[in-house]
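Single-structure report; data block below.
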Amino acid sequence: MAVSSTFSGAKLESLLVNSCSSSSASSLRAYFPCQQQMKAFYKPNRGRKGTVQRGGGVRCEVAQSQAALDGEKIDPSKASALSALEQLKTSAADRYTKERSSIVVIGLSVHTAPVEMREKLAIPEAEWPRAIGELCGLNHIEEAAVLSTCNRMEIYVVALSQHRGVKEVTEWMSKTSGIPVSEICEHRFLLYNKDATQHLFEVSAGLDSLVLGEGQILAQVKQVVKVGQGVVGFGRNISGLFKHAITVGKRVRTETNIAAGAVSVSSAAVELALMKLPEPSHATARMLVIGAGKMGKLVIKHLVAKGCTKMLVVNRSEEKVAAMREEMKGVEIIYRPLTDMLACAAEADVVFTSTASETPLFLKEHVKDLPPVSSEVGGLRLFIDISVPRNVGSCVTDVEGARVYNVDDLKEVVAANKEDRLRKAMEAQAIITEESKQFEAWRDSLETVPTIKKLRAYAERIRAAELEKCLSKMGEDIPKKTRRVVDDLSRGIVNKLLHGPMQHLRCDGSDSRTLNETLENMHALNRMFDLESDISLFEQKIRAKVEQSQK
């Protein structure tokens with residue numbers, strides 16, 4: 001049906017109120033707030049029978065002729081609503097049913113944004129489910145996932161509209177972090193579909209990390225899947241993407257030995273400290289580790305691997321420290337409570353901080369009165385801060401005799417082995433390219449699912465209508481057994497007729513030739529049975545958004 005370009009936003013809003021419950025209407029207004037948006041949705045469908053009147057009114061011959069066939073009288077007020085409904089089906093539905101939703105990543109990383117910005121945007125793991133729920137509550141977002149680490153803050157979404165989805169997510173990030181949208185836009189990066197897929201695979205493989213092949217990022221990608229299980233909004237496309245990324249990360253590490261050398265932020269922190277200390281002092285420098293969590297434990301392990309046999313560990317409780325002491329026999333690990341932190345720092349040459357504290361542990365006033373360190377270790381007390389948010393304030397750099405390094409400074413460690421990194425990265429890229437094609441093939445195969453559903457629904461409508469006609473001709477006194485036999489017969493015929501087409505619509509995506517044939521079959525069936533005009537997918541998406549807003 002053709003649609004008048006002068007069809008007003010108020011008219012469409014009235015339609016939405018009529019076609020949904022009154023409680024849903026306010027939520028739907030977000031989709032069509034004004035006439036200009038309606039014009040954006042407008043795409044005439046020449047395949048439907050209908051006419052456009054010059055005065056802006058629309059006469060829907062389809063609705064009227066169908067009612068005439070059914071022997072019904074048309075109420076003028078209802079006819080108006082039917083006309084509006086037909087316009088919605090043939091115009092607004094196009095943008096959602098004829099274009100596949102996009103996978104989009106909106107991110108800020110150590111490569112694009114300073115640590116000051118990333119720490120404001122960081123979302124704790126416990127808050128990921130809430131963030132997914134809020135993101136999927138946005139008008140144009142169907143699925144979402146959050147990957148928040150010390151080096152990156154990336155949001156992956158399946159968006160109904162790329163432009164509007166990015167705009168909504170960016171505004172959400174601004175609202176939750178307090179950072180202006182303009183500043184986020186200055187430092188963010190945007191990737192779509194195949195590029196977004198390749199990026200996540202590179203992240204999982206450790207190619208986008210400061211330290212090539214670091215294993216910690218793969219564990220963090222796994223955690224996204226673990227936390228997302230059962231969360232509404234962590235849907236089939238996003239969960240499939242992250243699960244495939246885990247496979248890629250494992251394969252790259254196995255086949256390229258990319259993890260050789262420094263494989264985590266913790267190991268890079270240790271290497272950076274040793275680079276800054278005079279080499280003769282490596283065995284005698286006094287080491288202090290604040291925080292005995294995962295990162296702190298890795299720092300201690302890497303210190304031991306570099307030959308350190310004695311260190312102080314400050315933590316809230318002694319339990320984790322005692323467990324590490326038991327695990328690392330022959331290493332003197334001395335526990336001190338958090339209240340002794342400044343006293344321990346006064347006795348240390350190198351201070352590693354890796355706690356989850358949201359406020360700095362060390363500020364200028366804490367460090368300026370610490371005693372100077374020996375010239376044998378360079379005369380500088382090193383603060384290696386691998387926490388986000390930072391545990392050491394930037395003001396500490398103003399203190400004479402102190403140097404502060406944070407996660408951004410680990411780039412120096414990465415540059416130390418550039419040639420080997422590039423060689424292994426090239427090997428990994430070949431694997432990523434291969435795996436990206438497999439994922440895209442799998443995602444392409446999902447395109448046939450709506451067609452399968454619509455074809456079966458189309459056949460079921462015909463079966464039910466013809467069955468009703470048959471039973472009415474047989475009279476009212478038909479035994480239940482006979483009704484059941486006739487019903488089973490009709491279902492059997494439909495199932496046998498659909499078996500062939502359904503087989504040619506199913507594909508696991510592993511064979512590109514079979515996949516191409518499957519997609520050709522899908523388009524052929526859509527044309528033959530006019531399935532593309534079905535707006536059920538659009539209606540489902542609208543209803544899903546309304547239901548979300550009501551919860």
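Here, A, B, ... name the chains of the structure tokens in the order displayed, residue numbers run from 1 inside each chain, and ligands are numbered from 1 in the same displayed order.
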
Could you produce a table of the residues of range 350-467 of chain A lying within 7 Å of range 268-288 of chain A, with the nearest pair of atoms per residue and their separation in Å rounded to one decimal, using only C-alpha atoms, ordered by chain and increasing residue number, as CSV?
residue,atom,partner,partner_atom,distance
A:Val350,CA,A:Met287,CA,5.1
A:Val351,CA,A:Leu288,CA,4.8
A:Phe352,CA,A:Leu288,CA,6.1
A:Glu376,CA,A:Ser281,CA,6.6
A:Val377,CA,A:Ser281,CA,5.7
A:Gly378,CA,A:Leu277,CA,6.4
A:Ile384,CA,A:Ala269,CA,6.7
A:Leu410,CA,A:Ala268,CA,6.4
A:Val413,CA,A:Leu272,CA,6.0

What would the file look like if the residues just selected were written as an mmCIF file, in the first residue's frame with N, CA, C and O atoms?
data_model
loop_
_atom_site.group_PDB
_atom_site.id
_atom_site.type_symbol
_atom_site.label_atom_id
_atom_site.label_comp_id
_atom_site.auth_asym_id
_atom_site.auth_seq_id
_atom_site.Cartn_x
_atom_site.Cartn_y
_atom_site.Cartn_z
ATOM 1 N N VAL A 350 59.991 -0.562 45.701
ATOM 2 C CA VAL A 350 58.984 -0.672 44.630
ATOM 3 C C VAL A 350 57.654 -1.036 45.269
ATOM 4 O O VAL A 350 57.577 -1.988 46.050
ATOM 5 N N VAL A 351 56.606 -0.277 44.920
ATOM 6 C CA VAL A 351 55.269 -0.522 45.470
ATOM 7 C C VAL A 351 54.321 -0.862 44.323
ATOM 8 O O VAL A 351 54.099 -0.036 43.432
ATOM 9 N N PHE A 352 53.798 -2.084 44.344
ATOM 10 C CA PHE A 352 52.783 -2.500 43.365
ATOM 11 C C PHE A 352 51.406 -2.364 44.026
ATOM 12 O O PHE A 352 51.195 -2.876 45.132
ATOM 13 N N GLU A 376 71.384 2.874 45.442
ATOM 14 C CA GLU A 376 71.657 1.575 44.805
ATOM 15 C C GLU A 376 70.480 1.123 43.943
ATOM 16 O O GLU A 376 70.656 0.337 43.004
ATOM 17 N N VAL A 377 69.278 1.603 44.269
ATOM 18 C CA VAL A 377 68.110 1.244 43.474
ATOM 19 C C VAL A 377 67.664 2.430 42.606
ATOM 20 O O VAL A 377 66.520 2.483 42.142
ATOM 21 N N GLY A 378 68.572 3.370 42.417
ATOM 22 C CA GLY A 378 68.286 4.500 41.534
ATOM 23 C C GLY A 378 67.819 5.754 42.239
ATOM 24 O O GLY A 378 67.591 6.795 41.592
ATOM 25 N N ILE A 384 54.025 1.242 40.996
ATOM 26 C CA ILE A 384 53.490 0.600 39.795
ATOM 27 C C ILE A 384 52.013 0.295 40.074
ATOM 28 O O ILE A 384 51.673 -0.659 40.778
ATOM 29 N N LEU A 410 52.458 0.731 30.507
ATOM 30 C CA LEU A 410 52.922 -0.607 30.152
ATOM 31 C C LEU A 410 53.237 -0.721 28.658
ATOM 32 O O LEU A 410 53.790 -1.721 28.208
ATOM 33 N N VAL A 413 56.761 -1.666 27.920
ATOM 34 C CA VAL A 413 57.143 -3.077 27.974
ATOM 35 C C VAL A 413 56.813 -3.760 26.656
ATOM 36 O O VAL A 413 57.579 -4.576 26.137
#

Closest atom pairs, range 337-358 of chain A residues within 10 Å of range 311-329 of chain A, only C-alpha atoms, as JSON lines:
{"residue": "A:Pro337", "atom": "CA", "partner": "A:Val314", "partner_atom": "CA", "distance": 5.5}
{"residue": "A:Leu338", "atom": "CA", "partner": "A:Arg316", "partner_atom": "CA", "distance": 5.4}
{"residue": "A:Thr339", "atom": "CA", "partner": "A:Arg316", "partner_atom": "CA", "distance": 8.5}
{"residue": "A:Asp340", "atom": "CA", "partner": "A:Val314", "partner_atom": "CA", "distance": 7.7}
{"residue": "A:Met341", "atom": "CA", "partner": "A:Val314", "partner_atom": "CA", "distance": 6.4}
{"residue": "A:Cys344", "atom": "CA", "partner": "A:Leu312", "partner_atom": "CA", "distance": 7.6}
{"residue": "A:Ala345", "atom": "CA", "partner": "A:Leu312", "partner_atom": "CA", "distance": 9.5}
{"residue": "A:Glu347", "atom": "CA", "partner": "A:Leu312", "partner_atom": "CA", "distance": 9.5}
{"residue": "A:Ala348", "atom": "CA", "partner": "A:Leu312", "partner_atom": "CA", "distance": 8.5}
{"residue": "A:Val351", "atom": "CA", "partner": "A:Leu312", "partner_atom": "CA", "distance": 9.6}
{"residue": "A:Phe352", "atom": "CA", "partner": "A:Val313", "partner_atom": "CA", "distance": 9.6}
{"residue": "A:Thr353", "atom": "CA", "partner": "A:Val314", "partner_atom": "CA", "distance": 9.5}
{"residue": "A:Thr355", "atom": "CA", "partner": "A:Asn315", "partner_atom": "CA", "distance": 8.9}

Could you pull out the strand (DSSP E or B) residues of range 216-404 of chain A from DSSP and send them as a PyMOL selection string?
chain A and resi 287-290+310-315+332-337+350-353+362+381-385+392+402-404

Mind writing the picked residues with N, CA, C and O atoms as a compact mmCIF listing (two decimals), in the first residue's frame?
# COMPACT_ATOMS: atom_id res chain seq x y z
N MET A 287 60.47 -5.20 47.72
CA MET A 287 59.21 -5.21 46.99
C MET A 287 58.01 -5.22 47.94
O MET A 287 57.98 -5.98 48.92
N LEU A 288 57.02 -4.38 47.64
CA LEU A 288 55.78 -4.34 48.40
C LEU A 288 54.61 -4.51 47.42
O LEU A 288 54.53 -3.80 46.41
N VAL A 289 53.73 -5.45 47.72
CA VAL A 289 52.53 -5.68 46.90
C VAL A 289 51.32 -5.37 47.77
O VAL A 289 51.13 -5.98 48.82
N ILE A 290 50.51 -4.43 47.32
CA ILE A 290 49.30 -4.06 48.07
C ILE A 290 48.09 -4.64 47.35
O ILE A 290 47.79 -4.25 46.21
N LYS A 310 61.88 -12.49 48.53
CA LYS A 310 61.30 -11.88 49.73
C LYS A 310 60.47 -10.67 49.34
O LYS A 310 60.90 -9.85 48.54
N MET A 311 59.28 -10.57 49.94
CA MET A 311 58.40 -9.43 49.65
C MET A 311 57.38 -9.24 50.77
O MET A 311 57.05 -10.19 51.49
N LEU A 312 56.91 -8.01 50.88
CA LEU A 312 55.84 -7.69 51.81
C LEU A 312 54.52 -7.67 51.04
O LEU A 312 54.46 -7.18 49.90
N VAL A 313 53.46 -8.17 51.67
CA VAL A 313 52.13 -8.15 51.05
C VAL A 313 51.15 -7.53 52.04
O VAL A 313 50.99 -8.03 53.15
N VAL A 314 50.54 -6.44 51.65
CA VAL A 314 49.53 -5.77 52.46
C VAL A 314 48.15 -6.15 51.93
O VAL A 314 47.88 -6.03 50.73
N ASN A 315 47.30 -6.62 52.83
CA ASN A 315 45.95 -7.03 52.43
C ASN A 315 45.00 -6.86 53.61
O ASN A 315 45.44 -6.75 54.76
N GLU A 332 59.87 -15.98 50.91
CA GLU A 332 59.47 -15.31 52.15
C GLU A 332 58.41 -14.24 51.83
O GLU A 332 58.72 -13.18 51.32
N ILE A 333 57.17 -14.58 52.12
CA ILE A 333 56.06 -13.65 51.89
C ILE A 333 55.55 -13.19 53.25
O ILE A 333 54.99 -13.97 54.02
N ILE A 334 55.77 -11.91 53.55
CA ILE A 334 55.43 -11.36 54.86
C ILE A 334 54.12 -10.59 54.78
O ILE A 334 53.97 -9.70 53.93
N TYR A 335 53.18 -10.96 55.62
CA TYR A 335 51.86 -10.30 55.63
C TYR A 335 51.85 -9.09 56.56
O TYR A 335 52.41 -9.12 57.66
N ARG A 336 51.18 -8.02 56.11
CA ARG A 336 50.91 -6.86 56.95
C ARG A 336 49.47 -6.41 56.70
O ARG A 336 49.00 -6.43 55.56
N PRO A 337 48.77 -5.99 57.75
CA PRO A 337 47.39 -5.51 57.57
C PRO A 337 47.36 -4.17 56.84
O PRO A 337 48.37 -3.47 56.74
N VAL A 350 59.99 -0.56 45.70
CA VAL A 350 58.98 -0.67 44.63
C VAL A 350 57.65 -1.04 45.27
O VAL A 350 57.58 -1.99 46.05
N VAL A 351 56.61 -0.28 44.92
CA VAL A 351 55.27 -0.52 45.47
C VAL A 351 54.32 -0.86 44.32
O VAL A 351 54.10 -0.04 43.43
N PHE A 352 53.80 -2.08 44.34
CA PHE A 352 52.78 -2.50 43.37
C PHE A 352 51.41 -2.36 44.03
O PHE A 352 51.19 -2.88 45.13
N THR A 353 50.45 -1.70 43.35
CA THR A 353 49.10 -1.58 43.91
C THR A 353 48.10 -2.24 42.96
O THR A 353 48.12 -1.99 41.75
N PHE A 362 47.19 6.25 47.80
CA PHE A 362 48.35 7.13 47.98
C PHE A 362 48.10 8.47 47.30
O PHE A 362 47.79 8.52 46.10
N ARG A 381 61.66 5.99 44.45
CA ARG A 381 60.67 4.97 44.90
C ARG A 381 59.65 4.82 43.77
O ARG A 381 59.01 5.79 43.35
N LEU A 382 59.48 3.60 43.30
CA LEU A 382 58.60 3.33 42.15
C LEU A 382 57.22 2.88 42.64
O LEU A 382 57.10 1.97 43.46
N PHE A 383 56.18 3.53 42.12
CA PHE A 383 54.81 3.11 42.36
C PHE A 383 54.26 2.56 41.04
O PHE A 383 54.07 3.31 40.08
N ILE A 384 54.02 1.24 41.00
CA ILE A 384 53.49 0.60 39.80
C ILE A 384 52.01 0.29 40.07
O ILE A 384 51.67 -0.66 40.78
N ASP A 385 51.13 1.12 39.51
CA ASP A 385 49.69 1.04 39.79
C ASP A 385 48.98 0.35 38.63
O ASP A 385 48.87 0.91 37.54
N VAL A 392 46.89 5.03 43.01
CA VAL A 392 47.89 6.07 43.28
C VAL A 392 47.50 7.32 42.51
O VAL A 392 47.39 7.30 41.28
N ALA A 402 59.96 10.20 43.84
CA ALA A 402 58.91 9.20 43.58
C ALA A 402 58.56 9.22 42.09
O ALA A 402 58.55 10.27 41.44
N ARG A 403 58.29 8.05 41.54
CA ARG A 403 57.84 7.91 40.16
C ARG A 403 56.61 7.02 40.14
O ARG A 403 56.59 5.98 40.80
N VAL A 404 55.59 7.44 39.38
CA VAL A 404 54.34 6.68 39.31
C VAL A 404 54.14 6.17 37.89
O VAL A 404 54.29 6.92 36.91

Work out how far apart CA of Leu121 in chain A and CA of Ile155 in chain A are and give it in Å to one decimal.
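Pair CA of Leu121 in chain A / CA of Ile155 in chain A returns 10.9 Å.
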
Can you tell me how far CA of Glu466 in chain A sits from CA of Leu525 in chain A, in Å to one decimal?
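Separation between CA of Glu466 in chain A and CA of Leu525 in chain A: 21.7 Å.
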
Spatial neighbours of Thr247 in chain A, max dist 12 Å, only C-alpha atoms, sep filter under 4 positions, as a PyMOL selection string
chain A and resi 200-202+204-205+218-219+221-222+240-243+251-254+431-432+435-436+438-439

Identify, on the basis of only C-alpha atoms, every residue whose closest approach to Leu455 in chain A does not exceed 10 Å; exclude the query and any residue fewer than 5 positions from it along the same chain; express the result as a PyMOL selection string.
chain A and resi 449-450+460-461+498+501-502+525-526+529-531
